[in-house]
Amino acid sequence: MNGDTLYPIGELAQRTGLTVKTIRFYSDRGIVAPTDRSPAGYRLYGIDAVARLDLVRTLRELGLDLSTIRKVVDRELSLPEVAAAHAEALTVQIRVLRLRRAVLTAVAERGSTPEETERMHQLARLSEDERSRLIGDFLDAVFGGLDAAPAFAGVMRSMTPELPDNPEAEQVQAWVELAEMSLDPGFRAVVRRMAEDQAAEQTRSDVTAPHRDIVAAVRDQVGPALTAGIDPASPQADPIVAQFTAYYAHLLGHPDDIELRRRLVTRLESVNDPRRERYLQLLAVVNGWPAPESLAPVFDWSVQALRARTQQ
């Protein structure tokens, strides 16, 4: 080809590797217009058509639509601008595909019903803002009216999942289950009760300096007893029980009597709800945190020890 020669569509097809039909398609849409026509009315193209068709083929392989391609070849849009926009679009598509893969993996593992699958898919597709609103609604339901206390600001932050921009399948699956839990009225009621109990300990205590709640105190005092293999009903457990019940009595400003110990049983049984522990496990997966240590053995030991000393 030289710069002055015009070529029919068949020869242009041979030189570009595209079919006559494809070139005619691009030509009809004004992307690669003919330079002239032969006396018989056939389209004729100049040498610049080869370069334009090569560019069109490359852009199509990258997934650009014809309208955008036309603007690029006509220089209404710069190629770097289009490339940047398309790269961002591909990033979104990759994220969507990751979410779909995670949902399908979860469906395969859980044997979900069609209704559960649809719900999982909807939760997985939520935008960052939508996820924030969902969790915000959960935290408002649990801590509303209580979050003015400084202690609860940290608790709310520690219970907030933050799914990364490019999550692993395991993180998406954990997010879906966690979101389902946060929408469960029964789970909300359980966590609300825990928050109210903790708030009561904070507001009724005459201690002005920062202090541990009873759950933290029990954990710290019972842990060594578990390690040592002390039977919760044995006399060796008496000083341990006396220590954390005295602390609870101090928090509430109430005598350390049977009524208080029974109240503490109810408090620890509430905290020992397996759904609470599951939420924290899922939260760690979503946020990429280390797996939390199970406190169920501590609470089981404490409840057994208290029941052994409150039976009439």
# chains A, B, ... in the order shown; residues from 1 in each chain; ligands from 1

call {"tool": "residues_around", "arguments": {"residues": "segment 135-138 of chain A", "least_positions_apart": "3", "cutoff": "12 Å", "atoms": "only C-alpha atoms", "output": "ChimeraX atom specification"}}
result
/A:123,126,128-132,141-144,156-157,159-163,175-176,178-189,191-192,283

call {"tool": "residues_around", "arguments": {"residues": "segment 86-96 of chain A", "least_positions_apart": "5", "cutoff": "10 Å", "atoms": "only C-alpha atoms", "output": "list in words"}}
result
Leu62, Gly63, Leu64, Pro80, Glu81, Arg101, Ala102, Ala124, Arg125, Asp165, Asn166 and Pro167 of chain A

call {"tool": "write_last_selection", "arguments": {"atoms": "N, CA and C atoms", "output": "PDB file, in the first residue's frame"}}
result
ATOM      1  N   LEU A  62     -10.355  -5.181  24.223  1.00  0.00           N
ATOM      2  CA  LEU A  62     -10.318  -4.685  25.601  1.00  0.00           C
ATOM      3  C   LEU A  62     -11.721  -4.485  26.168  1.00  0.00           C
ATOM      4  N   GLY A  63     -12.734  -4.643  25.315  1.00  0.00           N
ATOM      5  CA  GLY A  63     -14.095  -4.586  25.804  1.00  0.00           C
ATOM      6  C   GLY A  63     -14.793  -3.252  25.654  1.00  0.00           C
ATOM      7  N   LEU A  64     -14.213  -2.290  24.941  1.00  0.00           N
ATOM      8  CA  LEU A  64     -14.847  -0.991  24.780  1.00  0.00           C
ATOM      9  C   LEU A  64     -16.041  -1.097  23.832  1.00  0.00           C
ATOM     10  N   PRO A  80      -5.658   7.631  26.692  1.00  0.00           N
ATOM     11  CA  PRO A  80      -5.378   7.451  28.123  1.00  0.00           C
ATOM     12  C   PRO A  80      -6.611   7.633  29.002  1.00  0.00           C
ATOM     13  N   GLU A  81      -7.480   8.604  28.648  1.00  0.00           N
ATOM     14  CA  GLU A  81      -8.703   8.811  29.420  1.00  0.00           C
ATOM     15  C   GLU A  81      -9.611   7.590  29.333  1.00  0.00           C
ATOM     16  N   ARG A 101     -18.611 -15.427  42.924  1.00  0.00           N
ATOM     17  CA  ARG A 101     -17.913 -16.680  43.207  1.00  0.00           C
ATOM     18  C   ARG A 101     -18.074 -17.069  44.670  1.00  0.00           C
ATOM     19  N   ALA A 102     -17.964 -16.081  45.554  1.00  0.00           N
ATOM     20  CA  ALA A 102     -18.090 -16.368  46.979  1.00  0.00           C
ATOM     21  C   ALA A 102     -19.494 -16.851  47.319  1.00  0.00           C
ATOM     22  N   ALA A 124     -24.441  -9.850  49.445  1.00  0.00           N
ATOM     23  CA  ALA A 124     -23.080  -9.787  48.911  1.00  0.00           C
ATOM     24  C   ALA A 124     -22.906  -8.621  47.947  1.00  0.00           C
ATOM     25  N   ARG A 125     -23.984  -8.203  47.279  1.00  0.00           N
ATOM     26  CA  ARG A 125     -23.893  -7.154  46.271  1.00  0.00           C
ATOM     27  C   ARG A 125     -24.002  -5.749  46.856  1.00  0.00           C
ATOM     28  N   ASP A 165     -11.817  -3.852  49.817  1.00  0.00           N
ATOM     29  CA  ASP A 165     -12.223  -3.627  48.428  1.00  0.00           C
ATOM     30  C   ASP A 165     -12.119  -4.895  47.579  1.00  0.00           C
ATOM     31  N   ASN A 166     -11.111  -5.702  47.851  1.00  0.00           N
ATOM     32  CA  ASN A 166     -10.918  -6.939  47.092  1.00  0.00           C
ATOM     33  C   ASN A 166     -10.922  -8.128  48.061  1.00  0.00           C
ATOM     34  N   PRO A 167     -12.094  -8.471  48.577  1.00  0.00           N
ATOM     35  CA  PRO A 167     -12.162  -9.512  49.597  1.00  0.00           C
ATOM     36  C   PRO A 167     -11.923 -10.900  49.041  1.00  0.00           C
TER      37      PRO A 167
END

call {"tool": "atom_distance", "arguments": {"atom1": "atom CA of Arg60 of chain A", "atom2": "atom CA of Leu18 of chain A"}}
result
12.6 Å

call {"tool": "atom_distance", "arguments": {"atom1": "atom CA of Ile9 of chain A", "atom2": "atom CA of Ile23 of chain A"}}
result
7.4 Å

call {"tool": "residues_around", "arguments": {"residues": "Tyr26 of chain A", "least_positions_apart": "4", "cutoff": "10 Å", "atoms": "only C-alpha atoms", "output": "PyMOL selection string"}}
result
chain A and resi 21-22+30-33+53+56+66+70

call {"tool": "write_last_selection", "arguments": {"atoms": "all heavy atoms", "output": "JSON list (two decimals), in the first residue's frame"}}
result
[["chain", "number", "residue", "atom", "x", "y", "z"],
["A", 21, "LYS", "N", -17.21, -8.68, 6.20],
["A", 21, "LYS", "CA", -18.44, -8.34, 6.93],
["A", 21, "LYS", "C", -18.14, -7.43, 8.11],
["A", 21, "LYS", "O", -18.88, -6.46, 8.37],
["A", 21, "LYS", "CB", -19.10, -9.63, 7.41],
["A", 21, "LYS", "CG", -20.42, -9.41, 8.15],
["A", 21, "LYS", "CD", -21.04, -10.75, 8.56],
["A", 21, "LYS", "CE", -22.35, -10.54, 9.30],
["A", 21, "LYS", "NZ", -22.95, -11.83, 9.71],
["A", 22, "THR", "N", -17.05, -7.71, 8.84],
["A", 22, "THR", "CA", -16.70, -6.89, 10.00],
["A", 22, "THR", "C", -16.32, -5.48, 9.57],
["A", 22, "THR", "O", -16.76, -4.48, 10.18],
["A", 22, "THR", "CB", -15.53, -7.53, 10.77],
["A", 22, "THR", "OG1", -15.93, -8.81, 11.26],
["A", 22, "THR", "CG2", -15.10, -6.66, 11.93],
["A", 30, "GLY", "N", -19.64, 4.44, 10.69],
["A", 30, "GLY", "CA", -18.81, 5.62, 10.62],
["A", 30, "GLY", "C", -17.51, 5.54, 11.38],
["A", 30, "GLY", "O", -16.83, 6.55, 11.57],
["A", 31, "ILE", "N", -17.14, 4.34, 11.84],
["A", 31, "ILE", "CA", -15.89, 4.20, 12.59],
["A", 31, "ILE", "C", -14.70, 4.18, 11.64],
["A", 31, "ILE", "O", -13.66, 4.78, 11.92],
["A", 31, "ILE", "CB", -15.94, 2.91, 13.44],
["A", 31, "ILE", "CG1", -17.05, 3.03, 14.50],
["A", 31, "ILE", "CG2", -14.59, 2.66, 14.11],
["A", 31, "ILE", "CD1", -17.28, 1.76, 15.29],
["A", 32, "VAL", "N", -14.83, 3.48, 10.51],
["A", 32, "VAL", "CA", -13.80, 3.46, 9.48],
["A", 32, "VAL", "C", -14.51, 3.74, 8.16],
["A", 32, "VAL", "O", -14.95, 2.82, 7.46],
["A", 32, "VAL", "CB", -13.06, 2.10, 9.43],
["A", 32, "VAL", "CG1", -11.94, 2.14, 8.38],
["A", 32, "VAL", "CG2", -12.49, 1.76, 10.79],
["A", 33, "ALA", "N", -14.63, 5.01, 7.85],
["A", 33, "ALA", "CA", -15.39, 5.40, 6.66],
["A", 33, "ALA", "C", -14.55, 5.23, 5.40],
["A", 33, "ALA", "O", -13.32, 5.41, 5.42],
["A", 33, "ALA", "CB", -15.84, 6.85, 6.79],
["A", 53, "LEU", "N", -8.35, 0.41, 11.72],
["A", 53, "LEU", "CA", -8.92, -0.92, 11.98],
["A", 53, "LEU", "C", -8.11, -1.69, 13.01],
["A", 53, "LEU", "O", -8.67, -2.42, 13.84],
["A", 53, "LEU", "CB", -9.03, -1.71, 10.68],
["A", 53, "LEU", "CG", -10.15, -1.28, 9.75],
["A", 53, "LEU", "CD1", -10.02, -1.95, 8.39],
["A", 53, "LEU", "CD2", -11.52, -1.59, 10.37],
["A", 56, "VAL", "N", -9.16, -0.22, 16.27],
["A", 56, "VAL", "CA", -10.52, -0.66, 16.61],
["A", 56, "VAL", "C", -10.51, -2.08, 17.14],
["A", 56, "VAL", "O", -11.16, -2.40, 18.15],
["A", 56, "VAL", "CB", -11.44, -0.55, 15.37],
["A", 56, "VAL", "CG1", -12.79, -1.23, 15.64],
["A", 56, "VAL", "CG2", -11.65, 0.91, 15.00],
["A", 66, "LEU", "N", -18.75, 0.38, 20.95],
["A", 66, "LEU", "CA", -18.51, 1.02, 19.66],
["A", 66, "LEU", "C", -18.61, 2.55, 19.74],
["A", 66, "LEU", "O", -17.87, 3.26, 19.04],
["A", 66, "LEU", "CB", -19.48, 0.49, 18.62],
["A", 66, "LEU", "CG", -19.29, -0.98, 18.22],
["A", 66, "LEU", "CD1", -20.36, -1.40, 17.22],
["A", 66, "LEU", "CD2", -17.90, -1.19, 17.62],
["A", 70, "ARG", "N", -15.55, 4.94, 18.58],
["A", 70, "ARG", "CA", -15.67, 5.97, 17.55],
["A", 70, "ARG", "C", -15.12, 7.30, 18.03],
["A", 70, "ARG", "O", -14.44, 8.01, 17.28],
["A", 70, "ARG", "CB", -17.13, 6.12, 17.13],
["A", 70, "ARG", "CG", -17.33, 7.19, 16.05],
["A", 70, "ARG", "CD", -18.74, 7.19, 15.51],
["A", 70, "ARG", "NE", -18.88, 8.20, 14.47],
["A", 70, "ARG", "CZ", -19.96, 8.36, 13.74],
["A", 70, "ARG", "NH1", -21.01, 7.57, 13.93],
["A", 70, "ARG", "NH2", -20.02, 9.30, 12.82]]

call {"tool": "atom_distance", "arguments": {"atom1": "atom CA of Ala84 of chain A", "atom2": "atom CA of Leu99 of chain A"}}
result
23.0 Å

call {"tool": "closest_residue", "arguments": {"among": "A:Ala249, A:Val271, A:Leu44, A:Leu146", "to": "Val190 of chain A", "atoms": "only C-alpha atoms"}}
result
A:Val271

call {"tool": "residues_around", "arguments": {"residues": "segment 197-203 of chain A", "least_positions_apart": "4", "cutoff": "8 Å", "atoms": "only C-alpha atoms", "output": "VMD selection string"}}
result
chain A and resid 146 193 213 251 to 252 267

call {"tool": "write_last_selection", "arguments": {"atoms": "N, CA and C atoms", "output": "CSV table (one decimal), in the first residue's frame"}}
result
chain,number,residue,atom,x,y,z
A,146,LEU,N,-27.5,4.2,74.6
A,146,LEU,CA,-26.4,3.8,75.5
A,146,LEU,C,-25.1,4.3,75.1
A,193,ARG,N,-29.6,-6.8,75.3
A,193,ARG,CA,-29.6,-7.1,76.8
A,193,ARG,C,-28.2,-7.0,77.4
A,213,ASP,N,-15.5,-4.4,83.0
A,213,ASP,CA,-16.9,-4.9,83.3
A,213,ASP,C,-16.7,-6.3,83.9
A,251,LEU,N,-19.6,-3.2,91.6
A,251,LEU,CA,-20.0,-2.5,90.4
A,251,LEU,C,-21.5,-2.0,90.5
A,252,LEU,N,-22.3,-2.9,91.1
A,252,LEU,CA,-23.8,-2.6,91.2
A,252,LEU,C,-24.2,-1.9,92.5
A,267,ARG,N,-26.5,-13.0,83.9
A,267,ARG,CA,-25.7,-12.1,83.1
A,267,ARG,C,-24.7,-12.9,82.3

call {"tool": "closest_residue", "arguments": {"among": "A:Arg75, A:Arg52, A:Arg15, A:Arg219", "to": "Phe244 of chain A", "atoms": "only C-alpha atoms"}}
result
A:Arg219

call {"tool": "closest_residue", "arguments": {"among": "A:Glu109, A:Gln281, A:Tyr248, A:Asp300", "to": "Gln171 of chain A", "atoms": "only C-alpha atoms"}}
result
A:Gln281

call {"tool": "closest_residue", "arguments": {"among": "A:Asp28, A:Thr19, A:Gly46, A:Arg37", "to": "Asp4 of chain A", "atoms": "only C-alpha atoms"}}
result
A:Gly46
